[in-house]
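> I am sharing my_file_38.pdb, which consists of PDB, C-alpha atoms:
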ATOM      1  CA  MET A   1       0.000   0.000   0.000
ATOM      2  CA  TYR A   2       1.270   3.471  -0.780
ATOM      3  CA  ILE A   3       0.048   7.066  -0.661
ATOM      4  CA  ALA A   4      -0.395   9.265  -3.755
ATOM      5  CA  ASP A   5      -1.202  12.985  -3.919
ATOM      6  CA  LEU A   6      -1.866  13.726  -7.577
ATOM      7  CA  HIS A   7      -2.979  17.363  -7.643
ATOM      8  CA  ILE A   8      -0.574  20.086  -6.540
ATOM      9  CA  HIS A   9       0.823  23.361  -7.892
ATOM     10  CA  SER A  10       4.244  24.842  -8.602
ATOM     11  CA  LYS A  11       5.610  28.258  -7.682
ATOM     12  CA  TYR A  12       4.386  29.467 -11.084
ATOM     13  CA  SER A  13       0.708  29.262 -10.107
ATOM     14  CA  ARG A  14      -0.956  32.266  -8.526
ATOM     15  CA  ALA A  15      -1.141  32.408  -4.729
ATOM     16  CA  THR A  16       1.450  29.671  -4.223
ATOM     17  CA  SER A  17       4.567  29.413  -2.109
ATOM     18  CA  ARG A  18       7.999  30.069  -3.591
ATOM     19  CA  GLU A  19       8.938  26.757  -1.975
ATOM     20  CA  CYS A  20       6.833  24.790  -4.486
ATOM     21  CA  VAL A  21       9.988  23.550  -6.206
ATOM     22  CA  PRO A  22      11.139  19.952  -6.738
ATOM     23  CA  GLU A  23      13.569  19.850  -3.784
ATOM     24  CA  TYR A  24      11.027  21.044  -1.237
ATOM     25  CA  LEU A  25       8.251  18.898  -2.686
ATOM     26  CA  ASP A  26      10.549  15.874  -2.455
ATOM     27  CA  LEU A  27      11.524  16.627   1.134
ATOM     28  CA  TRP A  28       8.004  17.291   2.390
ATOM     29  CA  ALA A  29       6.687  14.198   0.641
ATOM     30  CA  ARG A  30       9.345  12.091   2.385
ATOM     31  CA  ARG A  31       8.541  13.778   5.683
ATOM     32  CA  LYS A  32       4.858  12.852   5.310
ATOM     33  CA  GLY A  33       5.339   9.378   3.842
ATOM     34  CA  ILE A  34       3.907  10.230   0.424
ATOM     35  CA  ASP A  35       5.243   7.929  -2.272
ATOM     36  CA  LEU A  36       3.825   9.516  -5.432
ATOM     37  CA  ILE A  37       3.067  13.192  -6.074
ATOM     38  CA  GLY A  38       1.973  15.224  -9.053
ATOM     39  CA  THR A  39       4.388  17.741 -10.489
ATOM     40  CA  GLY A  40       1.711  20.377 -10.967
ATOM     41  CA  ASP A  41       1.637  22.890 -13.802
ATOM     42  CA  PHE A  42       3.466  21.014 -16.578
ATOM     43  CA  THR A  43       1.929  23.379 -19.148
ATOM     44  CA  HIS A  44       4.060  26.272 -17.829
ATOM     45  CA  PRO A  45       7.217  26.433 -19.989
ATOM     46  CA  GLN A  46       9.594  27.586 -17.234
ATOM     47  CA  TRP A  47       8.341  24.953 -14.825
ATOM     48  CA  ARG A  48       8.685  22.289 -17.495
ATOM     49  CA  ASP A  49      12.296  23.393 -18.051
ATOM     50  CA  GLU A  50      12.961  23.070 -14.325
ATOM     51  CA  LEU A  51      11.403  19.611 -14.282
ATOM     52  CA  ARG A  52      13.699  18.558 -17.125
ATOM     53  CA  GLN A  53      16.727  19.816 -15.224
ATOM     54  CA  GLN A  54      15.840  18.406 -11.820
ATOM     55  CA  LEU A  55      13.945  15.174 -12.494
ATOM     56  CA  VAL A  56      15.134  11.971 -14.088
ATOM     57  CA  ARG A  57      13.078   9.139 -15.543
ATOM     58  CA  ASP A  58      12.872   6.217 -13.144
ATOM     59  CA  GLU A  59      13.524   3.154 -15.290
ATOM     60  CA  ALA A  60      11.655   0.742 -13.036
ATOM     61  CA  SER A  61       8.387   2.705 -12.982
ATOM     62  CA  GLY A  62       8.530   4.970 -16.022
ATOM     63  CA  LEU A  63       7.717   7.874 -13.680
ATOM     64  CA  TYR A  64      10.210  10.498 -12.468
ATOM     65  CA  ARG A  65      12.453  11.091  -9.443
ATOM     66  CA  LEU A  66      14.570  13.953  -8.217
ATOM     67  CA  SER A  67      17.817  13.637 -10.177
ATOM     68  CA  GLY A  68      20.093  13.962  -7.160
ATOM     69  CA  PRO A  69      20.014  14.290  -3.360
ATOM     70  CA  ALA A  70      17.679  17.017  -2.141
ATOM     71  CA  GLU A  71      19.419  20.077  -0.745
ATOM     72  CA  GLU A  72      20.050  19.886   2.979
ATOM     73  CA  LEU A  73      17.532  22.495   4.068
ATOM     74  CA  ASP A  74      17.876  23.690   7.648
ATOM     75  CA  PHE A  75      14.280  23.096   8.673
ATOM     76  CA  LEU A  76      14.476  19.397   7.749
ATOM     77  CA  GLN A  77      17.981  18.502   8.832
ATOM     78  CA  GLY A  78      17.844  15.486  11.114
ATOM     79  CA  LYS A  79      14.101  15.038  10.551
ATOM     80  CA  THR A  80      14.152  12.937   7.400
ATOM     81  CA  PRO A  81      16.015   9.621   7.187
ATOM     82  CA  PRO A  82      19.041  10.251   4.959
ATOM     83  CA  ASP A  83      18.575   6.938   3.164
ATOM     84  CA  ALA A  84      14.812   7.307   2.607
ATOM     85  CA  ASP A  85      13.688   6.824  -0.966
ATOM     86  CA  GLY A  86      12.324  10.006  -2.433
ATOM     87  CA  PRO A  87       8.860  10.088  -3.964
ATOM     88  CA  LEU A  88       8.040   9.411  -7.573
ATOM     89  CA  PHE A  89       6.662  12.317  -9.607
ATOM     90  CA  LEU A  90       3.723  12.107 -12.017
ATOM     91  CA  LEU A  91       3.442  14.726 -14.759
ATOM     92  CA  GLN A  92       0.259  16.598 -13.880
ATOM     93  CA  THR A  93      -1.400  19.916 -14.597
ATOM     94  CA  GLU A  94      -4.706  21.693 -13.971
ATOM     95  CA  ILE A  95      -6.491  23.658 -16.705
ATOM     96  CA  SER A  96      -9.105  26.323 -16.019
ATOM     97  CA  SER A  97     -11.584  26.261 -18.906
ATOM     98  CA  ILE A  98     -13.897  29.269 -19.194
ATOM     99  CA  TYR A  99     -16.359  29.064 -22.070
ATOM    100  CA  LYS A 100     -20.032  29.329 -22.990
ATOM    101  CA  ARG A 101     -22.226  26.239 -23.273
ATOM    102  CA  GLN A 102     -26.020  25.942 -23.375
ATOM    103  CA  GLY A 103     -26.417  29.696 -22.994
ATOM    104  CA  LYS A 104     -24.389  29.897 -19.790
ATOM    105  CA  VAL A 105     -20.775  30.787 -18.993
ATOM    106  CA  ARG A 106     -19.019  27.677 -17.680
ATOM    107  CA  LYS A 107     -15.903  27.648 -15.513
ATOM    108  CA  VAL A 108     -14.557  24.129 -15.084
ATOM    109  CA  HIS A 109     -11.186  22.973 -13.745
ATOM    110  CA  ASN A 110      -9.777  19.695 -15.072
ATOM    111  CA  LEU A 111      -6.706  17.664 -14.091
ATOM    112  CA  ILE A 112      -4.541  16.084 -16.782
ATOM    113  CA  PHE A 113      -1.884  13.366 -16.349
ATOM    114  CA  VAL A 114       0.574  12.349 -19.075
ATOM    115  CA  PRO A 115       3.338   9.705 -19.027
ATOM    116  CA  THR A 116       6.395  11.677 -20.207
ATOM    117  CA  LEU A 117       7.864  15.143 -20.519
ATOM    118  CA  ASP A 118       7.767  14.735 -24.291
ATOM    119  CA  ASP A 119       4.000  14.219 -24.032
ATOM    120  CA  ALA A 120       3.794  17.310 -21.820
ATOM    121  CA  ASP A 121       5.714  19.273 -24.471
ATOM    122  CA  ARG A 122       3.393  18.189 -27.273
ATOM    123  CA  LEU A 123       0.191  18.908 -25.375
ATOM    124  CA  SER A 124       1.488  22.287 -24.228
ATOM    125  CA  GLN A 125       2.348  23.222 -27.808
ATOM    126  CA  ARG A 126      -1.243  22.477 -28.839
ATOM    127  CA  LEU A 127      -2.729  24.366 -25.905
ATOM    128  CA  GLU A 128      -0.513  27.371 -26.620
ATOM    129  CA  LEU A 129      -2.450  27.827 -29.855
ATOM    130  CA  VAL A 130      -5.545  28.385 -27.703
ATOM    131  CA  GLY A 131      -4.241  30.738 -25.012
ATOM    132  CA  ASN A 132      -1.413  32.057 -22.873
ATOM    133  CA  LEU A 133       0.464  29.397 -20.903
ATOM    134  CA  HIS A 134       3.138  31.743 -19.571
ATOM    135  CA  SER A 135       1.219  33.917 -17.107
ATOM    136  CA  ASP A 136      -0.053  31.238 -14.719
ATOM    137  CA  GLY A 137       0.865  27.652 -13.877
ATOM    138  CA  ARG A 138      -2.858  26.886 -13.961
ATOM    139  CA  PRO A 139      -3.691  28.513 -17.307
ATOM    140  CA  ILE A 140      -7.091  29.995 -18.102
ATOM    141  CA  LEU A 141      -8.213  28.926 -21.572
ATOM    142  CA  GLY A 142     -11.358  29.636 -23.544
ATOM    143  CA  LEU A 143     -11.598  25.959 -24.374
ATOM    144  CA  ASP A 144     -14.659  23.776 -23.884
ATOM    145  CA  SER A 145     -13.965  20.878 -21.490
ATOM    146  CA  ARG A 146     -15.106  18.424 -24.131
ATOM    147  CA  ASP A 147     -12.677  19.920 -26.663
ATOM    148  CA  LEU A 148      -9.887  19.933 -24.089
ATOM    149  CA  LEU A 149     -10.435  16.206 -23.587
ATOM    150  CA  GLU A 150     -10.462  15.567 -27.339
ATOM    151  CA  MET A 151      -7.255  17.547 -27.853
ATOM    152  CA  THR A 152      -5.546  15.781 -24.939
ATOM    153  CA  LEU A 153      -6.382  12.292 -26.192
ATOM    154  CA  ASP A 154      -5.427  13.237 -29.745
ATOM    155  CA  VAL A 155      -1.963  14.335 -28.606
ATOM    156  CA  CYS A 156      -1.508  11.548 -26.046
ATOM    157  CA  PRO A 157      -3.926   8.590 -26.088
ATOM    158  CA  GLU A 158      -2.502   7.416 -22.740
ATOM    159  CA  ALA A 159      -3.373  10.706 -21.014
ATOM    160  CA  VAL A 160      -5.922  10.839 -18.181
ATOM    161  CA  LEU A 161      -8.358  13.715 -17.584
ATOM    162  CA  ILE A 162     -10.183  14.007 -14.256
ATOM    163  CA  PRO A 163     -12.652  16.806 -13.437
ATOM    164  CA  ALA A 164     -11.167  18.636 -10.450
ATOM    165  CA  HIS A 165     -12.893  19.348  -7.083
ATOM    166  CA  VAL A 166     -16.178  18.665  -8.830
ATOM    167  CA  TRP A 167     -18.590  20.408  -6.408
ATOM    168  CA  THR A 168     -16.937  23.756  -5.649
ATOM    169  CA  PRO A 169     -19.206  26.676  -6.628
ATOM    170  CA  TRP A 170     -17.081  28.763  -8.966
ATOM    171  CA  PHE A 171     -14.827  26.461 -10.986
ATOM    172  CA  ALA A 172     -16.119  22.901 -11.130
ATOM    173  CA  LEU A 173     -18.115  20.379 -13.116
ATOM    174  CA  PHE A 174     -21.107  20.468 -10.738
ATOM    175  CA  GLY A 175     -20.428  23.931  -9.287
ATOM    176  CA  SER A 176     -23.514  25.988  -8.461
ATOM    177  CA  LYS A 177     -22.219  29.105 -10.218
ATOM    178  CA  SER A 178     -21.106  27.719 -13.558
ATOM    179  CA  GLY A 179     -21.360  23.955 -13.663
ATOM    180  CA  PHE A 180     -23.609  21.273 -15.087
ATOM    181  CA  ASP A 181     -26.207  18.934 -13.614
ATOM    182  CA  ARG A 182     -24.829  15.921 -15.497
ATOM    183  CA  LEU A 183     -21.331  14.991 -16.600
ATOM    184  CA  GLU A 184     -22.697  14.102 -20.048
ATOM    185  CA  ASP A 185     -23.826  17.714 -20.548
ATOM    186  CA  CYS A 186     -20.196  18.767 -20.158
ATOM    187  CA  PHE A 187     -18.294  16.096 -22.095
ATOM    188  CA  ASP A 188     -20.966  15.041 -24.611
ATOM    189  CA  ASP A 189     -19.849  12.190 -26.874
ATOM    190  CA  LEU A 190     -16.544  11.811 -25.012
ATOM    191  CA  SER A 191     -18.115  11.191 -21.601
ATOM    192  CA  SER A 192     -17.067   7.545 -21.697
ATOM    193  CA  HIS A 193     -13.418   8.686 -21.499
ATOM    194  CA  ILE A 194     -13.976  10.113 -18.001
ATOM    195  CA  PHE A 195     -13.423   7.429 -15.367
ATOM    196  CA  ALA A 196     -12.838   9.322 -12.102
ATOM    197  CA  LEU A 197     -13.860  12.443 -10.221
ATOM    198  CA  GLU A 198     -11.932  14.437  -7.625
ATOM    199  CA  THR A 199     -14.000  15.014  -4.478
ATOM    200  CA  GLY A 200     -12.330  18.286  -3.416
ATOM    201  CA  LEU A 201     -11.775  19.548   0.117
ATOM    202  CA  SER A 202     -15.431  20.469   0.709
ATOM    203  CA  SER A 203     -16.928  17.055  -0.060
ATOM    204  CA  ASP A 204     -16.172  13.464   0.883
ATOM    205  CA  PRO A 205     -17.086  10.055  -0.607
ATOM    206  CA  PRO A 206     -20.411   9.609   1.256
ATOM    207  CA  MET A 207     -21.637  12.925  -0.117
ATOM    208  CA  ASN A 208     -20.732  11.905  -3.672
ATOM    209  CA  ARG A 209     -22.250   8.447  -3.314
ATOM    210  CA  ARG A 210     -25.641   9.992  -2.623
ATOM    211  CA  CYS A 211     -25.806  10.593  -6.399
ATOM    212  CA  SER A 212     -26.395   7.317  -8.230
ATOM    213  CA  MET A 213     -25.358   8.961 -11.512
ATOM    214  CA  LEU A 214     -21.800   8.961 -10.147
ATOM    215  CA  ASP A 215     -21.678   5.245  -9.313
ATOM    216  CA  ARG A 216     -19.603   4.361 -12.361
ATOM    217  CA  PHE A 217     -16.818   6.790 -11.440
ATOM    218  CA  GLN A 218     -13.838   6.189  -9.192
ATOM    219  CA  LEU A 219     -13.451   8.829  -6.473
ATOM    220  CA  VAL A 220      -9.988  10.308  -5.941
ATOM    221  CA  SER A 221      -8.812  12.868  -3.403
ATOM    222  CA  ASN A 222      -5.806  15.165  -3.585
ATOM    223  CA  SER A 223      -4.415  18.088  -1.624
ATOM    224  CA  ASP A 224      -4.476  20.786  -4.350
ATOM    225  CA  ALA A 225      -1.473  22.024  -2.363
ATOM    226  CA  HIS A 226      -0.254  25.576  -2.903
ATOM    227  CA  SER A 227       2.635  25.077  -0.482
ATOM    228  CA  PRO A 228       4.683  21.945   0.281
ATOM    229  CA  ASN A 229       3.497  21.641   3.888
ATOM    230  CA  LYS A 230      -0.069  21.099   2.615
ATOM    231  CA  LEU A 231       0.875  17.917   0.751
ATOM    232  CA  GLY A 232      -1.232  14.926   1.714
ATOM    233  CA  ARG A 233      -4.084  16.779   3.421
ATOM    234  CA  GLU A 234      -6.109  14.670   0.989
ATOM    235  CA  ALA A 235      -4.601  11.686  -0.790
ATOM    236  CA  ASN A 236      -5.204   8.280  -2.365
ATOM    237  CA  LEU A 237      -4.355   4.827  -0.975
ATOM    238  CA  LEU A 238      -3.058   2.572  -3.742
ATOM    239  CA  SER A 239      -1.958  -1.042  -3.941
ATOM    240  CA  CYS A 240      -1.295  -1.133  -7.683
ATOM    241  CA  GLY A 241       2.183  -1.166  -9.178
ATOM    242  CA  ARG A 242       4.142   2.075  -9.069
ATOM    243  CA  SER A 243       3.974   2.838 -12.773
ATOM    244  CA  TYR A 244       2.000   5.121 -15.035
ATOM    245  CA  SER A 245       0.161   2.226 -16.664
ATOM    246  CA  ALA A 246      -0.841   0.704 -13.303
ATOM    247  CA  LEU A 247      -2.002   4.082 -12.005
ATOM    248  CA  LYS A 248      -4.041   4.675 -15.161
ATOM    249  CA  ARG A 249      -5.665   1.261 -14.765
ATOM    250  CA  ALA A 250      -6.502   2.007 -11.114
ATOM    251  CA  ILE A 251      -8.154   5.288 -12.106
ATOM    252  CA  GLU A 252     -10.118   3.639 -14.902
ATOM    253  CA  THR A 253     -11.191   0.419 -13.199
ATOM    254  CA  GLY A 254     -10.595   0.842  -9.469
ATOM    255  CA  GLU A 255      -8.142  -2.069  -9.516
ATOM    256  CA  GLY A 256      -5.569  -1.154  -6.874
ATOM    257  CA  LEU A 257      -7.431   1.959  -5.659
ATOM    258  CA  GLU A 258      -8.004   1.012  -2.025
ATOM    259  CA  GLY A 259      -9.494   4.224  -0.645
ATOM    260  CA  THR A 260      -8.778   7.837   0.184
ATOM    261  CA  VAL A 261      -7.598  10.128   2.936
ATOM    262  CA  GLU A 262     -10.001  13.051   3.363
ATOM    263  CA  PHE A 263     -10.214  16.516   4.831
ATOM    264  CA  PHE A 264     -13.300  16.867   7.016
ATOM    265  CA  PRO A 265     -15.603  18.496   4.429
ATOM    266  CA  GLU A 266     -16.988  20.909   7.029
ATOM    267  CA  GLU A 267     -13.485  22.416   7.116
ATOM    268  CA  GLY A 268     -13.637  23.216   3.399
ATOM    269  CA  LYS A 269     -14.366  26.868   2.685
ATOM    270  CA  TYR A 270     -17.097  26.001   0.168
ATOM    271  CA  HIS A 271     -18.966  23.375   2.190
ATOM    272  CA  PHE A 272     -21.910  25.515   3.344
ATOM    273  CA  ASP A 273     -23.762  28.419   1.710
ATOM    274  CA  GLY A 274     -22.957  32.008   2.545
ATOM    275  CA  HIS A 275     -21.219  35.310   2.001
ATOM    276  CA  ARG A 276     -17.642  35.585   3.201
ATOM    277  CA  ALA A 277     -17.729  39.404   3.264
ATOM    278  CA  CYS A 278     -20.836  39.321   5.481
ATOM    279  CA  GLY A 279     -19.509  36.599   7.754
ATOM    280  CA  CYS A 280     -22.581  34.567   6.842
ATOM    281  CA  CYS A 281     -22.467  30.739   6.812
ATOM    282  CA  LEU A 282     -25.682  28.782   6.352
ATOM    283  CA  GLU A 283     -26.606  25.109   6.279
ATOM    284  CA  PRO A 284     -28.616  24.216   3.164
ATOM    285  CA  GLY A 285     -31.912  23.974   5.065
ATOM    286  CA  ARG A 286     -31.492  27.410   6.601
ATOM    287  CA  ALA A 287     -30.511  28.916   3.250
ATOM    288  CA  ILE A 288     -33.660  27.468   1.671
ATOM    289  CA  GLU A 289     -35.772  28.970   4.472
ATOM    290  CA  LEU A 290     -34.263  32.366   3.587
ATOM    291  CA  ASP A 291     -34.879  31.866  -0.175
ATOM    292  CA  ASN A 292     -31.074  31.656  -0.551
ATOM    293  CA  LEU A 293     -30.751  35.315   0.424
ATOM    294  CA  CYS A 294     -28.088  36.587   2.798
ATOM    295  CA  PRO A 295     -29.635  37.724   6.123
ATOM    296  CA  VAL A 296     -26.988  40.472   6.365
ATOM    297  CA  CYS A 297     -26.992  42.155   2.943
ATOM    298  CA  GLY A 298     -30.094  40.635   1.342
ATOM    299  CA  LYS A 299     -28.270  39.458  -1.778
ATOM    300  CA  ARG A 300     -28.198  35.895  -3.061
ATOM    301  CA  VAL A 301     -25.734  33.698  -1.184
ATOM    302  CA  THR A 302     -23.154  31.511  -2.849
ATOM    303  CA  ILE A 303     -24.624  28.010  -2.954
ATOM    304  CA  GLY A 304     -22.060  25.692  -1.412
ATOM    305  CA  VAL A 305     -21.146  22.051  -1.879
ATOM    306  CA  ALA A 306     -23.534  20.511   0.682
ATOM    307  CA  HIS A 307     -26.499  22.361  -0.837
ATOM    308  CA  ARG A 308     -25.497  21.420  -4.380
ATOM    309  CA  VAL A 309     -25.191  17.745  -3.426
ATOM    310  CA  GLU A 310     -28.652  17.946  -1.842
ATOM    311  CA  VAL A 311     -30.078  19.273  -5.120
ATOM    312  CA  LEU A 312     -28.612  16.486  -7.276
ATOM    313  CA  ALA A 313     -28.765  13.579  -4.809
ATOM    314  CA  ASP A 314     -31.261  10.739  -5.273
ATOM    315  CA  ARG A 315     -30.218   8.861  -2.116
ATOM    316  CA  PRO A 316     -30.608   9.815   1.555
ATOM    317  CA  GLU A 317     -27.645  10.658   3.755
ATOM    318  CA  GLY A 318     -25.714   7.546   4.700
ATOM    319  CA  ALA A 319     -26.827   5.539   1.671
ATOM    320  CA  ALA A 320     -24.081   4.272  -0.623
ATOM    321  CA  PRO A 321     -23.352   1.340  -2.954
ATOM    322  CA  ALA A 322     -22.130  -1.797  -1.171
ATOM    323  CA  ASP A 323     -18.813  -1.707  -3.058
ATOM    324  CA  SER A 324     -17.900   1.843  -1.973
ATOM    325  CA  ARG A 325     -14.251   2.095  -0.987
ATOM    326  CA  PRO A 326     -13.220   3.016   2.543
ATOM    327  CA  PHE A 327     -11.867   6.413   3.509
ATOM    328  CA  GLU A 328     -10.510   8.127   6.581
ATOM    329  CA  SER A 329     -10.907  11.773   7.572
ATOM    330  CA  LEU A 330      -7.943  13.415   9.271
ATOM    331  CA  LEU A 331      -7.227  16.674  11.068
ATOM    332  CA  PRO A 332      -4.070  18.490   9.890
ATOM    333  CA  LEU A 333      -1.563  18.267  12.730
ATOM    334  CA  SER A 334      -0.532  21.903  12.313
ATOM    335  CA  GLU A 335      -4.140  23.066  12.813
ATOM    336  CA  LEU A 336      -4.608  20.828  15.832
ATOM    337  CA  LEU A 337      -1.449  22.238  17.444
ATOM    338  CA  ALA A 338      -2.453  25.795  16.570
ATOM    339  CA  ASP A 339      -5.859  25.303  18.202
ATOM    340  CA  VAL A 340      -4.298  23.841  21.333
TER     341      VAL A 340
END
I need this file expressed as structure tokens, please.

Amino acid sequence: MYIADLHIHSKYSRATSRECVPEYLDLWARRKGIDLIGTGDFTHPQWRDELRQQLVRDEASGLYRLSGPAEELDFLQGKTPPDADGPLFLLQTEISSIYKRQGKVRKVHNLIFVPTLDDADRLSQRLELVGNLHSDGRPILGLDSRDLLEMTLDVCPEAVLIPAHVWTPWFALFGSKSGFDRLEDCFDDLSSHIFALETGLSSDPPMNRRCSMLDRFQLVSNSDAHSPNKLGREANLLSCGRSYSALKRAIETGEGLEGTVEFFPEEGKYHFDGHRACGCCLEPGRAIELDNLCPVCGKRVTIGVAHRVEVLADRPEGAAPADSRPFESLLPLSELLADV
């Protein structure tokens, strides 16, 4: 069994730490016992250059490792076993697609995995014809999610696309502000090429399993880390081989996907309805009583994840398919210590 965190960001994404570089990612992954991590942001040309310089292809797995010993950084000296194997890296990026579909502006974030840096180069070259890849590690493209999937598979048939944090209001497949009610409305004729969904910090597997339309999808969880110390706050438990092909098979079939590690969804900033500026946070039932209007300013509240699940669910709370995979919810140690 090993732990995989497959959605992170580099220092080239907005609002990220300058420490999101390969050496720090390697060291924090070893500190937390994470065996496989995403690279984040492979569409950014400078980041891709750094990955080429600092990672080397691992012959046994076909994935990547840090090319040499991580720098001896003061804050980790003596805290990481010197002979510990570093994590493997999976080439991963997140694309923000903003486009119009069915008379409504859609804002959907999607994760993409590819096997090699050459594949990352080719896909980035195609995407650069659509929009600017230089300004942000998570580029914003006016590209329909369905067309993004088609382009990705055309460039690299072995690529994997997973809709990211699928319930969050503003940038997600089922988001209340710009999403869809069905995956098929988003990906049309290519829907059969989507095999997994990312739960996001504000939802957990039981919430997703209330929707029978999602039964065919594997559920994955990742940290979406913007700094190395956030690695592993959500993660996947895998028993498959440590290779791209085995990981792809686990995502597509569930073979070797043993479960997930979850944030408590109530801790996610989009779990309930509300207005941050007004300090208003409402459970779905209370929001409905108020006609989804903020009791402070009177304007419409942002409909959160719990409310959106309630709208689309066709099962009661606690109901789930018998073959649902186990999960465990954890409190971040740093937050526990801070509270104490």
> Please evaluate the PyMOL selection byres ((chain A and resi 166-180) around 6) against the structure above and give the resulting residues as JSON, numbers by chain.
{"A": [106, 107, 108, 109, 164, 165, 181, 182, 303, 305]}
> Using the chain letters and numbers from the file, which residues does the PyMOL selection byres ((chain A and resi 23) around 12) grab, as a ChimeraX atom specification?
/A:10,18-22,24-30,39,50-51,53-55,65-73,76,86-87,89,228
> Taking into account all atoms listed in the file, which residue in the set A:His226, A:His44, A:Arg300, A:Arg210 is nearest to Leu127 in chain A?
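Residue with the minimum atom-to-atom distance to Leu127 in chain A: A:His44.
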> Carefully work through the PyMOL selection byres ((chain A and resi 223) around 7) for this structure and note down the residues it includes, as a VMD selection string.
chain A and resid 5 7 to 8 222 224 to 225 230 to 235
> Pick from A:Ser245, A:Ser192, A:Asn208, A:Ser334: nearest to Glu158 in chain A, with all atoms listed in the file counted?
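Looking at the shortest contact to Glu158 in chain A, the residue is A:Ser245.
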> Using all atoms listed in the file, which of A:Val220, A:Val296, A:Val261, A:Leu214 sits nearest Ala320 in chain A?
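Distance minimum relative to Ala320 in chain A lands on A:Leu214.
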> At what distance in Å, to one decimal, does CA of His275 in chain A lie from CA of Val309 in chain A?
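Pair CA of Val309 in chain A / CA of His275 in chain A returns 18.8 Å.
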> Within 12 Å of range 279-293 of chain A, counting all atoms listed in the file, which residues show up once you throw out same-chain ones fewer than 6 positions away? Write them as JSON, numbers by chain, please.
{"A": [266, 269, 270, 271, 272, 273, 299, 300, 301, 302, 303, 304, 305, 306, 307, 308, 309, 310, 311]}
> Quick one: axis-aligned box around all listed atoms of range 256-272 of chain A, 5 Å on every side, centre and edge lengths in Å to one decimal, written as lines of an AutoDock Vina configuration file.

center_x = -13.7
center_y = 12.9
center_z = 0.1
size_x = 26.3
size_y = 38.0
size_z = 24.0
> Just the residues within 7 Å of Arg146 in chain A, please, counting all atoms listed in the file, with nothing from its chain fewer than 6 positions along; format it as a ChimeraX atom specification.
/A:186-188,190
> Please, what distance in Å, to one decimal, runs between CA of Thr152 in chain A and CA of Thr116 in chain A?
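Atom-to-atom, CA of Thr152 in chain A to CA of Thr116 in chain A, that is 13.5 Å.
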> Would you work out the distance separating CA of Leu247 in chain A from CA of Tyr2 in chain A, expressed in Å to one decimal?
11.7 Å
> Nearest to Ile112 in chain A among A:Val340, A:Met151, A:Ala60, A:Cys297, with distances taken over all atoms listed in the file: which residue is it?
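Ranked by minimum distance to Ile112 in chain A, first place goes to A:Met151.
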> Using all atoms listed in the file, pick whichever of A:Gly200, A:Cys211, A:Ala159, A:Pro45 has the shortest atom-to-atom distance to Glu262 in chain A.
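Checking each of A:Gly200, A:Cys211, A:Ala159, A:Pro45 against Glu262 in chain A, counting all atoms listed in the file, the winner is A:Gly200.
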> Go through A:Arg126, A:Glu255, A:Ile95, A:Leu90 one by one, measure the shortest atom-to-atom distance of each to Val56 in chain A using all atoms listed in the file, and give the residue with the smallest value.
A:Leu90
> Considering all atoms listed in the file, return as JSON, numbers by chain whatever protein or nucleic-acid residues lie within 10 Å of Asp136 in chain A, sequence-local ones (same chain, fewer than 5 positions apart) excluded.
{"A": [10, 11, 12, 13, 14, 41, 43, 44]}
> What would the file be for range 166-173 of chain A if you keep N, CA, C and O atoms and write it as a PDB file, in the first residue's frame?

ATOM      1  N   VAL A 166     -15.017  18.565  -7.945  1.00  0.00           N
ATOM      2  CA  VAL A 166     -16.178  18.665  -8.830  1.00  0.00           C
ATOM      3  C   VAL A 166     -17.359  19.458  -8.281  1.00  0.00           C
ATOM      4  O   VAL A 166     -18.237  19.840  -9.053  1.00  0.00           O
ATOM      5  N   TRP A 167     -17.412  19.751  -6.976  1.00  0.00           N
ATOM      6  CA  TRP A 167     -18.590  20.408  -6.408  1.00  0.00           C
ATOM      7  C   TRP A 167     -18.382  21.878  -6.080  1.00  0.00           C
ATOM      8  O   TRP A 167     -19.357  22.562  -5.720  1.00  0.00           O
ATOM      9  N   THR A 168     -17.151  22.387  -6.110  1.00  0.00           N
ATOM     10  CA  THR A 168     -16.937  23.756  -5.649  1.00  0.00           C
ATOM     11  C   THR A 168     -17.704  24.755  -6.513  1.00  0.00           C
ATOM     12  O   THR A 168     -17.827  24.579  -7.730  1.00  0.00           O
ATOM     13  N   PRO A 169     -18.235  25.822  -5.925  1.00  0.00           N
ATOM     14  CA  PRO A 169     -19.206  26.676  -6.628  1.00  0.00           C
ATOM     15  C   PRO A 169     -18.704  27.342  -7.898  1.00  0.00           C
ATOM     16  O   PRO A 169     -19.423  27.400  -8.895  1.00  0.00           O
ATOM     17  N   TRP A 170     -17.497  27.848  -7.899  1.00  0.00           N
ATOM     18  CA  TRP A 170     -17.081  28.763  -8.966  1.00  0.00           C
ATOM     19  C   TRP A 170     -16.397  28.081 -10.139  1.00  0.00           C
ATOM     20  O   TRP A 170     -16.529  28.546 -11.273  1.00  0.00           O
ATOM     21  N   PHE A 171     -15.646  27.043  -9.910  1.00  0.00           N
ATOM     22  CA  PHE A 171     -14.827  26.461 -10.986  1.00  0.00           C
ATOM     23  C   PHE A 171     -14.880  24.942 -10.938  1.00  0.00           C
ATOM     24  O   PHE A 171     -13.890  24.295 -10.622  1.00  0.00           O
ATOM     25  N   ALA A 172     -16.027  24.355 -11.257  1.00  0.00           N
ATOM     26  CA  ALA A 172     -16.119  22.901 -11.130  1.00  0.00           C
ATOM     27  C   ALA A 172     -17.265  22.354 -11.967  1.00  0.00           C
ATOM     28  O   ALA A 172     -18.227  23.059 -12.279  1.00  0.00           O
ATOM     29  N   LEU A 173     -17.150  21.084 -12.280  1.00  0.00           N
ATOM     30  CA  LEU A 173     -18.115  20.379 -13.116  1.00  0.00           C
ATOM     31  C   LEU A 173     -19.551  20.546 -12.615  1.00  0.00           C
ATOM     32  O   LEU A 173     -20.467  20.826 -13.389  1.00  0.00           O
TER      33      LEU A 173
END
